[in-house]
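See below for query_10.cif, which holds mmCIF, C-alpha atoms.
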```cif
data_work
#
loop_
_atom_site.label_atom_id
_atom_site.label_comp_id
_atom_site.auth_asym_id
_atom_site.auth_seq_id
_atom_site.Cartn_x
_atom_site.Cartn_y
_atom_site.Cartn_z
CA MET A 63 36.56 -2.57 15.90
CA SER A 64 35.58 -5.64 13.92
CA ALA A 65 36.19 -9.21 15.07
CA LEU A 66 38.70 -9.64 12.26
CA ALA A 67 40.60 -6.56 13.40
CA CYS A 68 40.65 -7.78 16.98
CA ARG A 69 41.94 -11.22 15.94
CA TYR A 70 44.63 -9.57 13.82
CA GLN A 71 45.62 -7.33 16.71
CA PHE A 72 45.77 -10.33 19.03
CA ALA A 73 48.09 -12.16 16.64
CA SER A 74 50.37 -9.11 16.32
CA TYR A 75 50.67 -8.59 20.06
CA LYS A 76 51.32 -12.27 20.63
CA THR A 77 54.31 -12.31 18.31
CA THR A 78 55.81 -8.94 19.24
CA LYS A 79 55.05 -8.33 22.92
CA ASN A 80 54.66 -10.32 26.10
CA VAL A 81 51.25 -9.03 27.18
CA LYS A 82 48.07 -10.44 28.61
CA THR A 83 45.77 -11.56 25.83
CA SER A 84 42.52 -12.05 27.71
CA SER A 85 41.24 -8.55 26.92
CA LEU A 86 41.94 -9.02 23.22
CA ILE A 87 40.13 -12.34 23.13
CA SER A 88 37.20 -10.72 24.93
CA CYS A 89 37.19 -7.92 22.35
CA SER A 90 36.90 -10.47 19.53
CA MET A 91 34.07 -12.36 21.22
CA GLN A 92 32.16 -9.20 22.11
CA SER A 93 32.45 -7.78 18.59
CA SER A 94 31.20 -10.99 17.05
CA ALA A 95 28.26 -11.11 19.45
CA ASN A 96 27.24 -7.57 18.53
CA ASN A 97 27.31 -8.20 14.79
CA ILE A 98 24.03 -8.22 12.91
CA LYS A 99 23.29 -11.82 11.95
CA VAL A 100 22.22 -11.89 8.31
CA ILE A 101 20.34 -14.69 6.54
CA ILE A 102 20.30 -14.62 2.76
CA ASN A 103 17.15 -16.23 1.36
CA GLY A 104 17.73 -16.86 -2.33
CA ALA A 105 21.43 -17.39 -1.73
CA THR A 106 22.34 -19.08 -5.03
CA LYS A 107 20.95 -16.32 -7.26
CA ASP A 108 23.50 -13.87 -8.67
CA ILE A 109 22.31 -11.17 -6.29
CA GLY A 110 22.32 -13.65 -3.40
CA LYS A 111 25.95 -14.60 -4.07
CA ALA A 112 26.93 -10.94 -4.30
CA ALA A 113 25.14 -10.30 -0.99
CA ILE A 114 27.02 -13.10 0.75
CA VAL A 115 30.35 -11.64 -0.34
CA ALA A 116 29.34 -8.07 0.57
CA VAL A 117 28.02 -8.97 4.03
CA THR A 118 31.10 -11.08 4.76
CA LYS A 119 33.35 -8.10 4.01
CA ALA A 120 31.19 -5.51 5.79
CA ARG A 121 31.87 -4.31 9.31
CA GLY A 122 29.29 -4.96 12.01
CA MET A 123 27.50 -7.85 10.32
CA GLU A 124 28.08 -11.45 9.35
CA ILE A 125 26.46 -14.21 7.34
CA ALA A 126 24.56 -16.48 9.71
CA GLY A 127 22.56 -18.53 7.21
CA ALA A 128 22.06 -19.17 3.51
CA VAL A 129 18.75 -20.53 2.22
CA ASP A 130 17.92 -21.88 -1.22
CA SER A 131 16.59 -24.98 -2.95
CA LEU A 132 19.69 -25.28 -5.14
CA HIS A 133 23.20 -26.42 -4.10
CA VAL A 134 21.81 -27.70 -0.79
CA GLY A 135 24.62 -28.80 1.52
CA GLU A 136 27.34 -26.90 -0.33
CA ASP A 137 29.33 -24.22 1.45
CA ALA A 138 27.96 -20.69 0.91
CA GLY A 139 31.42 -19.23 0.50
CA GLN A 140 32.48 -21.78 -2.09
CA ILE A 141 29.46 -21.24 -4.35
CA CYS A 142 30.33 -17.53 -4.32
CA GLY A 143 33.91 -18.22 -5.41
CA MET A 144 35.42 -17.02 -2.15
CA GLU A 145 38.95 -18.14 -1.35
CA GLU A 146 37.97 -19.62 2.01
CA ALA A 147 34.90 -21.58 2.97
CA LEU A 148 32.45 -19.85 5.32
CA GLU A 149 31.48 -23.16 6.94
CA ILE A 150 27.85 -22.20 6.36
CA PRO A 151 25.97 -24.75 4.25
CA ILE A 152 23.13 -23.91 1.90
CA ILE A 153 19.89 -25.08 3.58
CA ASN A 154 16.45 -25.27 2.01
CA ASP A 155 14.57 -24.78 5.31
CA LEU A 156 14.23 -21.14 6.41
CA THR A 157 12.52 -22.11 9.69
CA MET A 158 15.46 -24.27 10.74
CA VAL A 159 17.93 -21.44 10.16
CA LEU A 160 15.73 -18.93 11.97
CA GLY A 161 15.35 -21.23 14.95
CA SER A 162 19.08 -21.78 15.38
CA ILE A 163 19.93 -18.07 15.15
CA SER A 164 17.11 -16.84 17.38
CA GLN A 165 18.64 -18.69 20.32
CA SER A 166 21.58 -16.28 20.29
CA ARG A 167 19.19 -13.33 20.81
CA ALA A 168 21.33 -11.22 18.49
CA ASN A 169 19.98 -8.68 16.01
CA GLY A 170 18.94 -10.72 13.01
CA VAL A 171 17.93 -9.69 9.49
CA VAL A 172 16.54 -11.90 6.75
CA VAL A 173 17.31 -10.65 3.25
CA ASP A 174 14.65 -11.97 0.87
CA PHE A 175 15.53 -12.41 -2.81
CA THR A 176 12.92 -15.12 -3.48
CA ASP A 177 9.66 -14.52 -5.38
CA PRO A 178 6.41 -12.59 -4.82
CA SER A 179 4.39 -15.66 -3.84
CA SER A 180 6.58 -16.50 -0.83
CA VAL A 181 7.42 -13.05 0.53
CA TYR A 182 4.51 -12.77 2.97
CA ASP A 183 5.19 -16.16 4.60
CA ASN A 184 8.94 -15.47 4.75
CA VAL A 185 8.50 -12.13 6.52
CA LYS A 186 5.92 -13.66 8.84
CA GLN A 187 8.35 -16.42 9.82
CA ALA A 188 11.20 -13.99 10.38
CA THR A 189 8.97 -11.81 12.56
CA ALA A 190 7.87 -14.81 14.62
CA PHE A 191 11.52 -15.43 15.48
CA GLY A 192 12.14 -11.77 16.33
CA MET A 193 14.03 -10.86 13.17
CA ARG A 194 13.64 -7.98 10.73
CA SER A 195 13.42 -8.38 6.96
CA VAL A 196 14.81 -6.64 3.90
CA VAL A 197 12.78 -7.59 0.82
CA HIS A 198 14.06 -7.04 -2.70
CA VAL A 199 11.67 -9.00 -4.90
CA PRO A 200 10.80 -7.43 -8.27
CA ASN A 201 7.10 -7.24 -9.17
CA ILE A 202 5.87 -7.80 -5.63
CA ASN A 203 2.14 -7.20 -5.49
CA ILE A 204 1.16 -3.97 -3.76
CA ASP A 205 -1.60 -5.86 -1.92
CA THR A 206 1.10 -8.03 -0.36
CA VAL A 207 2.94 -4.91 0.78
CA VAL A 208 -0.26 -3.55 2.38
CA GLU A 209 -0.87 -6.84 4.19
CA LEU A 210 2.72 -6.96 5.40
CA SER A 211 2.50 -3.38 6.59
CA GLY A 212 -0.47 -4.22 8.81
CA PHE A 213 1.22 -7.35 10.10
CA CYS A 214 4.49 -5.58 10.95
CA GLU A 215 2.58 -2.76 12.63
CA LYS A 216 0.83 -5.19 14.96
CA ALA A 217 4.05 -7.10 15.67
CA SER A 218 6.11 -3.88 16.13
CA MET A 219 8.75 -5.46 13.93
CA GLY A 220 10.63 -3.72 11.14
CA CYS A 221 10.66 -4.58 7.45
CA LEU A 222 12.08 -2.71 4.48
CA VAL A 223 10.56 -3.47 1.08
CA ALA A 224 12.89 -2.08 -1.59
CA PRO A 225 11.81 -2.25 -5.25
CA THR A 226 15.39 -1.20 -6.03
CA LEU A 227 18.55 -1.45 -3.95
CA SER A 228 20.47 0.79 -6.31
CA ILE A 229 21.35 4.13 -4.73
CA GLY A 230 21.99 5.49 -8.23
CA SER A 231 18.49 4.53 -9.30
CA VAL A 232 16.99 6.28 -6.28
CA LEU A 233 19.02 9.42 -7.01
CA LEU A 234 17.80 9.34 -10.62
CA GLN A 235 14.19 9.15 -9.41
CA GLN A 236 14.69 12.08 -7.06
CA ALA A 237 16.34 14.14 -9.78
CA ALA A 238 13.46 13.34 -12.15
CA ILE A 239 10.90 14.51 -9.58
CA SER A 240 12.78 17.78 -9.12
CA ALA A 241 13.07 18.34 -12.88
CA CYS A 242 9.46 17.59 -13.78
CA PHE A 243 8.22 20.86 -12.26
CA HIS A 244 10.29 22.80 -14.78
CA TYR A 245 9.60 20.87 -18.00
CA ASN A 246 6.37 20.00 -19.78
CA ASN A 247 7.66 17.10 -21.89
CA VAL A 248 9.12 13.84 -20.62
CA GLU A 249 9.98 10.41 -22.03
CA ILE A 250 11.50 7.42 -20.20
CA VAL A 251 13.79 5.11 -22.19
CA GLU A 252 15.19 1.90 -20.75
CA SER A 253 17.40 -0.86 -22.11
CA ARG A 254 18.02 -4.31 -20.66
CA PRO A 255 19.95 -7.38 -21.87
CA ASN A 256 16.98 -9.50 -20.78
CA ALA A 257 13.66 -8.82 -19.12
CA SER A 258 10.52 -10.84 -18.53
CA ASP A 259 8.24 -7.95 -17.59
CA LEU A 260 8.19 -4.64 -19.41
CA PRO A 261 8.28 -1.87 -18.47
CA THR A 262 10.67 -2.88 -15.70
CA PRO A 263 9.98 -2.00 -12.05
CA ASP A 264 12.55 0.82 -12.17
CA ALA A 265 10.90 2.54 -15.14
CA THR A 266 7.43 1.96 -13.73
CA GLN A 267 8.38 3.50 -10.40
CA ILE A 268 9.79 6.60 -12.09
CA ALA A 269 6.62 6.95 -14.14
CA ASP A 270 4.46 6.48 -11.03
CA ASN A 271 6.46 9.11 -9.12
CA LEU A 272 5.97 11.63 -11.93
CA SER A 273 2.29 10.71 -12.21
CA ASN A 274 1.55 11.42 -8.56
CA LEU A 275 2.40 15.11 -8.81
CA GLY A 276 -0.77 16.31 -10.54
CA ARG A 277 0.92 17.32 -13.79
CA ILE A 278 0.11 16.56 -17.44
CA TYR A 279 3.06 16.04 -19.79
CA ASN A 280 3.46 16.00 -23.55
CA ARG A 281 0.21 17.91 -24.10
CA GLU A 282 1.09 18.67 -27.73
CA ASP A 283 1.04 15.02 -28.84
CA LEU A 284 -1.25 13.17 -26.45
CA SER A 285 -3.29 11.96 -29.43
CA THR A 286 -0.26 10.36 -31.15
CA ASP A 287 -0.48 6.60 -31.70
CA VAL A 288 0.63 5.19 -28.32
CA LEU A 289 2.01 1.94 -29.75
CA ALA A 290 4.35 3.88 -32.01
CA ARG A 291 5.39 6.29 -29.25
CA GLY A 292 6.03 3.99 -26.33
CA GLN A 293 3.79 2.62 -23.62
CA LEU A 294 1.56 5.17 -21.92
CA LEU A 295 1.27 4.04 -18.29
CA GLY A 296 -1.32 6.55 -17.13
CA GLU A 297 -3.43 9.48 -18.23
CA ASP A 298 -0.76 12.11 -17.57
CA GLY A 299 1.23 11.59 -20.76
CA VAL A 300 4.31 9.82 -19.32
CA ARG A 301 5.58 7.26 -21.84
CA VAL A 302 8.08 4.44 -21.37
CA HIS A 303 10.12 2.99 -24.21
CA SER A 304 11.67 -0.43 -23.46
CA MET A 305 14.46 -2.02 -25.48
CA VAL A 306 15.68 -5.57 -24.85
CA LEU A 307 18.79 -6.77 -26.65
CA PRO A 308 21.28 -9.47 -25.53
CA GLY A 309 24.54 -7.84 -24.49
CA ILE A 310 23.16 -4.32 -24.17
CA LEU A 311 23.91 -2.25 -21.07
CA SER A 312 21.22 -2.06 -18.39
CA SER A 313 20.27 1.58 -18.49
CA THR A 314 17.43 3.91 -17.54
CA THR A 315 17.22 7.40 -19.05
CA VAL A 316 14.71 10.18 -18.44
CA HIS A 317 14.51 12.89 -21.10
CA PHE A 318 12.92 16.26 -20.33
CA SER A 319 12.52 19.07 -22.83
CA GLY A 320 11.50 22.69 -22.79
CA PRO A 321 11.81 25.63 -25.19
CA GLY A 322 15.32 25.50 -26.62
CA GLU A 323 16.73 22.79 -24.34
CA ILE A 324 16.79 19.09 -23.46
CA TYR A 325 17.63 17.81 -19.98
CA THR A 326 18.68 14.16 -19.73
CA ILE A 327 19.23 12.03 -16.61
CA ARG A 328 20.78 8.60 -17.08
CA HIS A 329 21.75 5.70 -14.84
CA ASP A 330 23.70 2.65 -16.06
CA ILE A 331 24.16 -0.65 -14.25
CA THR A 332 27.18 -2.72 -15.20
CA ASP A 333 27.22 -5.28 -12.38
CA VAL A 334 24.97 -6.59 -9.62
CA MET A 335 27.55 -5.32 -7.11
CA CYS A 336 26.05 -1.85 -7.56
CA LEU A 337 23.16 -3.02 -5.37
CA MET A 338 25.34 -3.94 -2.42
CA PRO A 339 25.88 -0.47 -0.84
CA GLY A 340 22.10 -0.03 -0.75
CA LEU A 341 21.65 -3.51 0.72
CA LEU A 342 24.21 -2.96 3.49
CA LEU A 343 22.58 0.37 4.34
CA ALA A 344 19.17 -1.32 4.47
CA ILE A 345 20.44 -4.04 6.82
CA ARG A 346 21.95 -1.50 9.19
CA LYS A 347 18.81 0.66 9.24
CA VAL A 348 16.07 -1.98 9.42
CA VAL A 349 17.19 -3.31 12.83
CA ARG A 350 15.81 -0.07 14.32
CA PHE A 351 12.45 -0.17 12.56
CA LYS A 352 9.20 -1.17 14.24
CA ASN A 353 7.03 -1.07 11.13
CA LEU A 354 7.22 -1.55 7.38
CA VAL A 355 9.03 1.02 5.25
CA TYR A 356 8.59 1.00 1.48
CA GLY A 357 11.43 2.22 -0.71
CA LEU A 358 15.17 2.64 -0.24
CA GLU A 359 14.74 6.37 -0.70
CA LYS A 360 13.11 6.55 2.76
CA ILE A 361 16.42 5.77 4.46
CA LEU A 362 18.84 7.73 2.30
#
```

Show the structure stored in the file as structure tokens.
Amino acid sequence: MSALACRYQFASYKTTKNVKTSSLISCSMQSSANNIKVIINGATKDIGKAAIVAVTKARGMEIAGAVDSLHVGEDAGQICGMEEALEIPIINDLTMVLGSISQSRANGVVVDFTDPSSVYDNVKQATAFGMRSVVHVPNINIDTVVELSGFCEKASMGCLVAPTLSIGSVLLQQAAISACFHYNNVEIVESRPNASDLPTPDATQIADNLSNLGRIYNREDLSTDVLARGQLLGEDGVRVHSMVLPGILSSTTVHFSGPGEIYTIRHDITDVMCLMPGLLLAIRKVVRFKNLVYGLEKIL
């Protein structure tokens, strides 16, 4: 039972029955103590705001800190448009937040939405204070992931690095891997309203997954002008076509074809909230890890 449920039950009993309330108060305190304490690093980004709202509403966890260099001192709940303040101010010092939470000795998870250059130091700090990390930072360098893996292994502390937090995106990747054994031709087409790096991490990961299976695709037109036929990421014939237009839907589509048929898998993203179920799952799972795990698909 959540702390909120216990408090609600306490209020109901108080107004309707003459009973002892000490056990109900204890239930509320115990539930709160057992909650996973979550720190959002990158709290004022769109995904950070969505994470604050999602964690606040989720059972078994609570927001314990919000870190960012913007809106310092403002209430985390208010910057997210929540009806009530969380009484948790935005702080630009991760170490200070970690230190205050570590004293409670509760399960703690730092969710990192920052940038590739700061991920290693952030995870290292969290580990030093006995907390796990969930990292969702696009374009993180694979060398950083390797270094973090070795560090987490030595520290016996869990970390989940998730290139995508979208469960739908992971399911699309898995479906594409299953389909590729039955079709010889494949093209990846993505659209985004804005993007700084193309192909995007989602499309690149799908292409990498298909490339690691020892197959060659599109044999009939491998010699076609690559610039006119999309970006060829490897030597196996997998091409990615990227379209960026303001206002367009964020979408990733994988087209397969064989004699007499076309098989298409598509995933659309309409709001950043689609990432929250994957994030909540990652938070709940990572507290049991003692090493680094790469990819949300590992915990589905």

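The space between CA of Thr176 in chain A and CA of Ile125 in chain A spans 17.4 Å.
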
Subject >> Residue among A:Asp130, A:Glu249, A:Glu136, A:Asp270 lying closest to Thr326 in chain A, counting all atoms listed in the file >> reply: A:Glu249

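This file, queried with the PyMOL selection byres ((chain A and resi 206-218) around 6), gives the residues Asn203, Ile204, Asp205, Met219, Lys352, Asn353 and Leu354 of chain A.
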
Determine, counting all atoms listed in the file, which protein, DNA and RNA residues have an atom within 9 Å of an atom of Gly135 in chain A; residues of the same chain fewer than 5 positions away are not included. Present the result as a PDB file with C-alpha atoms, in the coordinates of the input.
```
ATOM      1  CA  ILE A 150      27.850 -22.200   6.360  1.00  0.00           C
ATOM      2  CA  PRO A 151      25.970 -24.750   4.250  1.00  0.00           C
ATOM      3  CA  ILE A 152      23.130 -23.910   1.900  1.00  0.00           C
ATOM      4  CA  ILE A 153      19.890 -25.080   3.580  1.00  0.00           C
ATOM      5  CA  ASN A 154      16.450 -25.270   2.010  1.00  0.00           C
TER       6      ASN A 154
END
```

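Closest approach to Ala168 in chain A among A:Ser195, A:Ile98, A:Gly357, A:Gln236: A:Ile98, based on all atoms listed in the file.
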
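Across A:Lys360, A:Lys99, A:His317, A:Arg350, the tightest approach to Ile268 in chain A is made by A:His317 when counting only C-alpha atoms.
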
Subject >> Residue members of the PyMOL selection byres ((chain A and resi 277) around 9) in the file shown, as a list in words >> reply: Cys242, Phe243, Asn246, Leu272, Ser273, Asn274, Leu275, Gly276, Ile278, Tyr279 and Asp298 of chain A

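Among A:Cys221, A:Val196, A:Ala116, A:Ala265, the residue with the shortest atom-to-atom distance to Ala238 in chain A, counting all atoms listed in the file, is A:Ala265.
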
With 4 Å of padding per side, what axis-aligned box (centre and edge lengths, Å, one decimal) covers all the listed atoms of range 175-178 of chain A? Give it as AutoDock Vina command-line options.
```
--center_x 11.0 --center_y -13.8 --center_z -4.1 --size_x 17.1 --size_y 10.7 --size_z 10.6
```

Original post:
Do you have the CA of Thr118 in chain A-CA of Gly139 in chain A distance handy?
Top reply: 9.2 Å

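Proximity to Ala120 in chain A was assessed for A:Glu323, A:Leu342, A:Asp137, A:Ala241 counting only C-alpha atoms; the smallest distance is recorded for A:Leu342.
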
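Closest approach to Ile229 in chain A among A:Pro261, A:Gly122, A:Gly322, A:Pro339 is made by A:Pro339 (distances from all atoms listed in the file).
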
Subject >> Nearby residues (all atoms listed in the file) at most 7 Å from His303 in chain A, same-chain spacing under 3 positions excluded, as a PyMOL selection string >> reply: chain A and resi 250-252+292-293
